[in-house]
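As provided, work-v8.cif (mmCIF, C-alpha atoms) reads as follows.
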data_input
#
loop_
_atom_site.label_atom_id
_atom_site.label_comp_id
_atom_site.auth_asym_id
_atom_site.auth_seq_id
_atom_site.Cartn_x
_atom_site.Cartn_y
_atom_site.Cartn_z
CA MET A 181 -36.54 3.01 -7.68
CA LEU A 182 -33.45 2.58 -9.83
CA ASP A 183 -31.97 5.75 -8.36
CA THR A 184 -32.39 4.34 -4.88
CA ILE A 185 -30.63 1.12 -5.86
CA ILE A 186 -27.73 3.03 -7.42
CA GLU A 187 -27.42 5.31 -4.40
CA GLY A 188 -27.40 2.28 -2.13
CA ALA A 189 -24.66 0.69 -4.22
CA VAL A 190 -22.54 3.86 -4.05
CA ALA A 191 -23.05 4.17 -0.30
CA PHE A 192 -22.15 0.50 0.24
CA MET A 193 -19.01 0.85 -1.87
CA LEU A 194 -17.86 3.97 0.01
CA ILE A 195 -18.45 2.50 3.46
CA ALA A 196 -16.86 -0.84 2.54
CA GLY A 197 -13.84 0.97 1.09
CA GLY A 198 -13.41 3.09 4.19
CA ALA A 199 -13.76 0.09 6.48
CA PHE A 200 -11.22 -1.99 4.51
CA ALA A 201 -8.67 0.84 4.38
CA PHE A 202 -9.10 1.53 8.10
CA ILE A 203 -8.60 -2.15 8.95
CA GLY A 204 -5.46 -2.25 6.80
CA SER A 205 -3.99 0.77 8.52
CA LEU A 206 -4.95 -0.66 11.90
CA GLY A 207 -2.95 -3.77 10.98
CA LEU A 208 -0.03 -1.58 9.97
CA THR A 209 -0.07 0.08 13.38
CA HIS A 210 -0.88 -2.87 15.59
CA LEU A 211 1.00 -5.94 14.33
CA LYS A 212 4.31 -7.06 15.78
CA ASP A 213 7.03 -7.19 13.13
CA PHE A 214 7.60 -5.96 9.61
CA TYR A 215 6.72 -9.23 7.89
CA MET A 216 3.29 -9.23 9.56
CA ARG A 217 2.80 -5.52 8.97
CA LEU A 218 3.35 -5.94 5.24
CA HIS A 219 0.10 -7.91 4.92
CA GLY A 220 -2.29 -5.16 5.98
CA PRO A 221 -1.44 -2.36 3.56
CA SER A 222 -0.53 -4.53 0.61
CA LYS A 223 -3.81 -6.44 0.48
CA THR A 224 -6.49 -4.75 2.56
CA THR A 225 -5.77 -1.11 1.78
CA THR A 226 -5.58 -1.85 -1.94
CA LEU A 227 -9.00 -3.49 -1.80
CA GLY A 228 -10.41 -0.55 0.17
CA VAL A 229 -9.11 2.03 -2.29
CA GLY A 230 -10.44 -0.09 -5.15
CA PHE A 231 -13.90 -0.19 -3.54
CA THR A 232 -13.87 3.59 -3.09
CA LEU A 233 -12.83 4.19 -6.70
CA ILE A 234 -15.54 1.88 -8.01
CA GLY A 235 -18.09 3.68 -5.84
CA SER A 236 -16.96 6.98 -7.34
CA LEU A 237 -17.20 5.44 -10.83
CA ILE A 238 -20.81 4.41 -10.23
CA TYR A 239 -21.61 7.83 -8.74
CA PHE A 240 -20.28 9.79 -11.71
CA SER A 241 -21.68 7.50 -14.39
CA ARG A 242 -25.26 7.60 -13.13
CA GLU A 243 -26.16 10.85 -14.93
CA ASP A 244 -24.40 11.10 -18.25
CA GLY A 245 -23.16 7.82 -19.54
CA PRO A 246 -20.41 5.59 -18.22
CA VAL A 247 -17.21 7.22 -16.92
CA ILE A 248 -14.34 4.79 -17.10
CA GLN A 249 -11.36 6.96 -16.16
CA GLU A 250 -11.53 5.91 -12.52
CA LEU A 251 -11.20 2.30 -13.56
CA LEU A 252 -7.72 3.30 -14.75
CA ILE A 253 -6.59 4.15 -11.22
CA THR A 254 -8.16 0.96 -9.87
CA ILE A 255 -6.35 -1.24 -12.36
CA PHE A 256 -3.12 0.67 -11.79
CA ALA A 257 -3.38 0.26 -8.00
CA PHE A 258 -4.20 -3.45 -8.30
CA ILE A 259 -1.19 -4.01 -10.58
CA THR A 260 1.36 -1.96 -8.65
CA ALA A 261 0.54 -2.93 -5.05
CA PRO A 262 2.03 -6.47 -5.28
CA VAL A 263 5.13 -5.12 -7.00
CA SER A 264 5.86 -2.58 -4.29
CA ALA A 265 5.10 -5.14 -1.58
CA HIS A 266 7.57 -7.54 -3.18
CA MET A 267 10.27 -4.87 -3.33
CA LEU A 268 9.63 -3.90 0.32
CA ALA A 269 9.89 -7.53 1.42
CA LYS A 270 13.14 -7.92 -0.50
CA SER A 271 14.64 -4.82 1.09
CA ALA A 272 13.51 -5.97 4.55
CA LEU A 273 15.22 -9.34 4.01
CA HIS A 274 18.31 -7.51 2.77
CA HIS A 275 18.39 -5.44 5.96
CA LYS A 276 17.89 -8.64 8.03
CA LEU A 277 15.01 -7.24 10.13
CA LYS A 278 14.35 -9.48 13.11
CA PRO A 279 11.12 -11.49 12.82
CA ASP A 280 8.80 -12.03 15.76
CA PRO A 281 9.07 -15.59 17.14
CA ARG A 282 5.48 -16.25 16.05
CA THR A 283 6.23 -15.40 12.42
CA ARG A 284 6.37 -18.61 10.46
CA GLY A 285 8.87 -19.47 7.77
CA ASN A 286 12.64 -19.48 7.98
CA PRO A 287 14.11 -17.78 4.94
CA VAL A 288 17.73 -18.37 4.00
CA GLU A 289 18.44 -14.65 3.97
CA LEU A 290 17.83 -14.35 7.71
CA GLU A 291 19.80 -17.38 8.86
CA SER A 292 23.08 -15.98 10.16
CA ASP A 293 25.62 -13.28 9.55
CA LYS A 294 28.62 -15.60 9.78
CA PRO A 295 29.99 -17.13 6.59
CA ARG A 296 29.75 -20.90 6.29
CA HIS A 297 33.50 -21.43 6.89
CA THR A 298 36.45 -19.26 7.80
CA ILE A 299 39.27 -18.54 5.42
CA GLU A 300 41.54 -21.26 6.87
CA GLU A 301 38.88 -23.97 6.48
CA ALA A 302 37.82 -22.81 3.05
CA PRO A 303 38.02 -25.56 0.46
CA GLN A 304 41.29 -25.17 -1.41
CA GLY A 305 41.18 -25.61 -5.13
CA ASN A 306 44.30 -26.52 -7.03
CA SER A 307 44.74 -23.05 -8.39
CA PRO A 308 48.24 -22.08 -9.50
CA LEU A 309 47.87 -18.64 -8.01
CA PRO A 310 49.10 -18.14 -4.43
CA MET B 183 -27.86 8.26 1.80
CA ILE B 184 -24.73 9.14 -0.11
CA ASP B 185 -24.03 12.12 2.17
CA MET B 186 -24.01 9.94 5.26
CA ALA B 187 -21.79 7.32 3.60
CA LEU B 188 -19.46 10.06 2.38
CA TRP B 189 -18.96 11.43 5.88
CA ILE B 190 -18.37 7.97 7.34
CA ALA B 191 -15.86 7.12 4.62
CA LEU B 192 -14.06 10.46 5.05
CA ALA B 193 -13.77 9.87 8.80
CA LEU B 194 -12.44 6.33 8.29
CA PHE B 195 -9.84 7.43 5.74
CA CYS B 196 -8.69 10.31 7.95
CA ALA B 197 -8.29 7.90 10.87
CA ALA B 198 -6.34 5.55 8.59
CA ILE B 199 -3.99 8.38 7.57
CA VAL B 200 -3.42 9.27 11.22
CA LEU B 201 -2.50 5.63 11.95
CA ASN B 202 -0.11 5.60 8.97
CA PHE B 203 1.48 8.80 10.24
CA TYR B 204 2.00 7.20 13.64
CA ARG B 205 3.77 4.26 12.03
CA ALA B 206 5.88 6.54 9.84
CA VAL B 207 7.06 8.48 12.90
CA VAL B 208 7.54 5.54 15.28
CA GLY B 209 8.51 2.82 12.80
CA PRO B 210 11.60 1.05 14.12
CA SER B 211 13.20 0.37 10.76
CA LEU B 212 13.56 2.06 7.40
CA PRO B 213 11.31 -0.33 5.39
CA ASP B 214 8.58 0.28 7.99
CA ARG B 215 8.64 3.99 7.26
CA VAL B 216 8.62 3.38 3.51
CA LEU B 217 5.63 1.06 3.91
CA ALA B 218 3.81 3.65 6.03
CA VAL B 219 4.34 6.39 3.44
CA ASP B 220 3.26 3.97 0.69
CA THR B 221 0.01 3.27 2.54
CA MET B 222 -0.43 6.97 3.21
CA TYR B 223 -0.41 7.82 -0.48
CA MET B 224 -2.86 5.01 -1.23
CA ASN B 225 -5.22 6.46 1.38
CA SER B 226 -4.77 9.98 0.06
CA ILE B 227 -5.84 8.80 -3.42
CA ALA B 228 -9.12 7.64 -1.92
CA LEU B 229 -9.43 10.88 0.05
CA ILE B 230 -9.07 12.96 -3.13
CA VAL B 231 -11.66 10.81 -4.89
CA LEU B 232 -14.06 11.29 -1.97
CA PHE B 233 -13.47 15.05 -2.16
CA GLY B 234 -14.35 14.88 -5.85
CA ILE B 235 -17.65 13.21 -4.95
CA TRP B 236 -18.26 15.84 -2.27
CA VAL B 237 -17.87 18.84 -4.62
CA ASN B 238 -19.50 16.84 -7.46
CA ASN B 239 -16.64 17.38 -9.88
CA LYS B 240 -15.09 14.51 -11.79
CA ASP B 241 -11.85 16.30 -12.70
CA TYR B 242 -10.18 15.42 -9.42
CA PHE B 243 -9.41 11.93 -10.63
CA GLU B 244 -6.42 13.31 -12.57
CA ALA B 245 -4.75 14.39 -9.34
CA ALA B 246 -5.42 10.92 -7.95
CA LEU B 247 -3.87 9.30 -11.03
CA LEU B 248 -0.76 11.50 -10.73
CA ILE B 249 -0.37 10.64 -7.05
CA ALA B 250 -0.74 6.92 -7.83
CA MET B 251 1.93 6.93 -10.54
CA LEU B 252 4.47 9.12 -8.71
CA GLY B 253 3.96 7.24 -5.45
CA PHE B 254 4.58 3.88 -7.08
CA VAL B 255 7.73 5.11 -8.82
CA SER B 256 9.10 6.69 -5.65
CA THR B 257 8.42 3.56 -3.57
CA ILE B 258 10.24 1.40 -6.12
CA ALA B 259 13.14 3.88 -6.25
CA ILE B 260 13.53 3.93 -2.45
CA CYS B 261 13.36 0.13 -2.28
CA LYS B 262 15.98 -0.11 -5.01
CA TYR B 263 18.18 2.28 -3.04
CA LEU B 264 17.76 0.22 0.14
CA LEU B 265 18.58 -2.99 -1.74
CA ARG B 266 21.56 -1.94 -3.85
CA GLY B 267 22.79 1.39 -2.49
CA ASP B 268 22.14 2.90 -5.88
CA ILE B 269 19.08 3.58 -8.00
CA ILE B 270 20.26 3.43 -11.60
CA GLU B 271 23.30 1.21 -11.95
#

Show me the file's structure as structure tokens.
Amino acid sequence: MLDTIIEGAVAFMLIAGGAFAFIGSLGLTHLKDFYMRLHGPSKTTTLGVGFTLIGSLIYFSREDGPVIQELLITIFAFITAPVSAHMLAKSALHHKLKPDPRTRGNPVELESDKPRHTIEEAPQGNSPLP
Amino acid sequence: MIDMALWIALALFCAAIVLNFYRAVVGPSLPDRVLAVDTMYMNSIALIVLFGIWVNNKDYFEAALLIAMLGFVSTIAICKYLLRGDIIE
């Protein structure tokens, strides 16, 4: 009875992990611009890989005691995924990738390439240097 | 029950890696390709863990841990290069 419950839990974890990771990669392929595409892998794929690792943890700890090494990878993935997503978003803003018109938000980094004023109109301080 | 779930999960992860590969080849910009490779290593971690379940050997998690750490460091290094034009300033 208990074995059946544990096997069911492992099977549920594996299928849920596969489904989440597949949906994340589908979002990466299907969405329109980079700022939308960033959502799929950074949230959904991380959750899917976490589900799979927890399923593997339950599978290996059902015979001889708890095995907690796989929890290490799960925690590592859950900590590092937001950091890499943040760095990718920063580099995309730095490269001024064009957003889709339906993407909300209007960050300052994407506003325009031109400087606010030309050199002639620039505010002149009273600096002694020429 | 676990065998069936294992095959379904393997098929889903392989399809996910194929989709990531498509984005890495087609991707219009450089951050798109970096994101696709980042997702590809996350999926390959899960694939290695599933292979460990398949052969019933728990040592494969070390390979998954190595891929996780090196993948994170390489993603951060490439992003740093795209941002600043230099990795260690």

- Message: Should the cut-off be 9 Å, what would the residue list for chain B against chain A look like, counting only C-alpha atoms, as number ranges by chain?
- Response: B: 183-188, 190-202, 204-205, 211-214, 216-218, 220-222, 224-225, 227-228, 231-232, 234-235, 238-240, 243-244, 246-247, 250-251, 254, 257-258, 261-266

- atom CA of Ile230 of chain B and atom CA of Ile238 of chain A are how many Å apart? 16.2 Å

- Message: To one decimal place in Å, what is the distance between atom CA of Leu229 of chain B and atom CA of Met216 of chain A?
- Response: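 Those two atoms sit 25.6 Å apart.
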
- Task: Tell me, in Å to one decimal, how far atom CA of Val237 of chain B is from atom CA of Ile259 of chain A.
- Result: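 The value is 28.9 Å.
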
- Have a look at B:Phe203, B:Ile260, B:Trp189, B:Ile249 and name the one nearest to Phe233 of chain B; count all atoms listed in the file. B:Trp189
